[in-house]
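What follows is one structure encoded as structure tokens, with my remarks underneath.
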Amino acid sequence: MAEAPENELRMVLIGKTGNGKSKTGNTILGQKIFPFGSGAMSLTTTCQLRNAHRFGKKISLVDTPGVFDNRNDNENVQQEIKKCIWLTCEGPHAIILCVPIGRFTNEDVETVNHFCSHFGENLTKYVIVLFTRFDDWKRDRTENSLDPGMEGFIDSLTPPLREFLSKCGNRFIEFDNTLKETSADSQVQRLLGMVEKMVRENGGSHYTNEDYQKAELELQKQIQENKKEKEKEILRMQQEMRKEIDDDLRKQYKEREQKLMQEIQNIRDETKKQNWLQGVLNAGISFVRSIFRF
């Protein structure tokens, strides 16, 4: 693992489309750099790197597109993953999973699992869960005379979600992207402090290209295994189709054979009938001729 430069923090934002990644990125950088919308359609279509100097640190932040929502492996996903690594140069110090507070679901965990399937399970050492829309959470809880704190929310999570947080070292932070100036800066400083603490716990390291290469080899191995299984399945289906075709052809041949035999029998019967009629006709002619001889 490489050591982190003393005054630089490299982070990658991940999460489903509409979870507030771009707004969070703008809050962290202290300026509106990443485009964002209010709907479910992502305005981020490719990995984007932006930099800012804040609180004595150089912040390098990558915003990722909704392509990572998709659990199907495809060329576009691979390209964006490689670009994500390339943009963070030596590798990110932190992976920030953005999730709307109160809407932390198993699907969000699947997003990380899909991400980790390309980067390796070791990546969870660098994951921080960032709960967005904390302003909505506080307002809803206050209106319903409930404690707006985080403790009740964490306790309300399902066992699989709590297990996921535990796997990530219980690193989570709430974020209100509507805050301004000092209040906004305060939550950003809390996040950066959490990242620095995590880096120290990881021995001053960050996720490296070597980690990615190792994960990529493992992924390619898995892809090849899946490919072999698919090939076996295709072969089995082809064999079943051949059998069905053979059975169908045999059935068609037998039906055709029976039809031809019936046609032959009909011809024979018709011939016999015609021969009988011809015999009757010949007998009649002979009878008439015999009469007129007298």
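Each chain in the structure tokens gets a letter, A, B, ..., in the order shown, and its residues are numbered from 1; ligands are numbered from 1 in order too.
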Could you list, as a PDB file with C-alpha atoms, in the first residue's frame, every residue within 6 Å of Met11 (chain A), counting only C-alpha atoms and ignoring same-chain residues fewer than 6 positions away?
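Saved as selection35.pdb:
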ATOM      1  CA  LEU A  61     -12.908  14.431  -5.890  1.00  0.00           C
ATOM      2  CA  PRO A  92      -8.418   7.001  -3.764  1.00  0.00           C
ATOM      3  CA  HIS A  93      -8.064   7.413  -0.015  1.00  0.00           C
ATOM      4  CA  ALA A  94     -11.822   7.156   0.503  1.00  0.00           C
ATOM      5  CA  ILE A  95     -14.904   5.815  -1.262  1.00  0.00           C
TER       6      ILE A  95
END
Kindly assemble as CSV a list of the region 115-224 of chain A residues that lie within 10 Å of region 18-21 of chain A, each paired with its nearest atom pair and their distance in Å to one decimal, using only C-alpha atoms, sorted first by chain and then by ascending residue number.
residue,atom,partner,partner_atom,distance
A:Leu130,CA,A:Lys21,CA,9.5
A:Phe131,CA,A:Asn19,CA,9.1
A:Thr132,CA,A:Gly20,CA,6.5
A:Arg133,CA,A:Gly20,CA,8.0
A:Asn177,CA,A:Gly20,CA,8.7
Based on the selection just made, write N, CA and C atoms of those residues as a compact mmCIF listing (two decimals), in the first residue's frame.
# COMPACT_ATOMS: atom_id res chain seq x y z
N LEU A 130 -22.18 8.15 3.62
CA LEU A 130 -22.59 9.54 3.84
C LEU A 130 -24.10 9.65 3.59
N PHE A 131 -24.84 9.98 4.65
CA PHE A 131 -26.29 10.09 4.55
C PHE A 131 -26.67 11.51 4.12
N THR A 132 -27.22 11.63 2.92
CA THR A 132 -27.63 12.93 2.39
C THR A 132 -29.05 13.28 2.84
N ARG A 133 -29.47 14.52 2.55
CA ARG A 133 -30.82 15.02 2.87
C ARG A 133 -31.11 14.98 4.37
N ASN A 177 -26.90 19.35 2.57
CA ASN A 177 -26.35 20.15 1.47
C ASN A 177 -27.05 21.49 1.29
Inset, instruction - Tell me, as JSON, numbers by chain, which residues lie within 10 Å of Gln220 (chain A), counting only C-alpha atoms; anything in the same chain fewer than 6 positions away does not count. - result: {"A": [118, 214, 226]}
Save out the residues we just selected, N, CA and C atoms, as an mmCIF file, in the first residue's frame.
data_model
loop_
_atom_site.group_PDB
_atom_site.id
_atom_site.type_symbol
_atom_site.label_atom_id
_atom_site.label_comp_id
_atom_site.auth_asym_id
_atom_site.auth_seq_id
_atom_site.Cartn_x
_atom_site.Cartn_y
_atom_site.Cartn_z
ATOM 1 N N HIS A 118 -15.674 -5.220 -8.831
ATOM 2 C CA HIS A 118 -14.640 -4.794 -9.773
ATOM 3 C C HIS A 118 -13.360 -4.376 -9.047
ATOM 4 N N LYS A 214 -5.140 -6.655 -8.982
ATOM 5 C CA LYS A 214 -5.425 -7.930 -8.330
ATOM 6 C C LYS A 214 -6.919 -8.234 -8.399
ATOM 7 N N ASN A 226 -17.873 -17.900 -15.154
ATOM 8 C CA ASN A 226 -19.266 -17.670 -15.556
ATOM 9 C C ASN A 226 -19.462 -17.982 -17.027
#
Legend entry - region 81-255 of chain A: residues DSSP assigns to strand (DSSP E or B), reported as a list of chain:residue names: A:Ala94, A:Ile95, A:Ile96, A:Leu97, A:Cys98, A:Val99, A:Pro100, A:Val127, A:Ile128, A:Val129, A:Leu130, A:Phe131, A:Thr132, A:Phe172, A:Ile173, A:Glu174, A:Ser205
Legend entry - Å distance separating CA of Asn7 (chain A) from CA of Leu29 (chain A), one decimal place: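 Distance reported for this atom pair: 15.1 Å.
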Inset, instruction - May I have the residues within 10 Å of Glu8 (chain A) as a list of chain:residue names, using only C-alpha atoms and disregarding those fewer than 6 positions away in the same chain? - result: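 Final neighbour list, sorted by chain and number: A:His53, A:Gly56, A:Lys57, A:Lys58, A:Ile59, A:Ser60, A:His93.
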Inset, instruction - Mind listing the helix (DSSP H, G or I) residues of region 90-278 of chain A, per DSSP on the backbone, as a PyMOL selection string? - result: chain A and resi 106-119+121-126+134-143+150-156+159-167+181-201+209-278
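Across the structure, CA of Glu210 (chain A) and CA of Arg10 (chain A) are spaced 16.7 Å apart.
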Legend entry - Proximity to Asp176 (chain A) - best of A:Asp63, A:Glu270, A:Glu218, A:Asp135, only C-alpha atoms: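 Checking each candidate against Asp176 (chain A), we get A:Asp135 as the closest.
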Inset, instruction - For CA of Tyr126 (chain A) and CA of Thr178 (chain A), quote the distance in Å rounded to one decimal. - result: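 It comes out at 26.4 Å.
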Inset, instruction - Would you kindly return, as a list in words, each protein, DNA or RNA residue with an atom no farther than 10 Å from any atom of Glu181 (chain A), considering only C-alpha atoms and excluding same-chain residues fewer than 5 positions away? - result: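 Here the qualifying residues turn out to be Thr27, Gly30 and Ser186 of chain A.
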Please dump the current selection as an mmCIF file, in the first residue's frame; keep C-alpha atoms.
data_model
loop_
_atom_site.group_PDB
_atom_site.id
_atom_site.type_symbol
_atom_site.label_atom_id
_atom_site.label_comp_id
_atom_site.auth_asym_id
_atom_site.auth_seq_id
_atom_site.Cartn_x
_atom_site.Cartn_y
_atom_site.Cartn_z
ATOM 1 C CA THR A 27 -20.523 20.984 -0.743
ATOM 2 C CA GLY A 30 -17.124 24.591 -1.524
ATOM 3 C CA SER A 186 -18.132 22.486 9.684
#
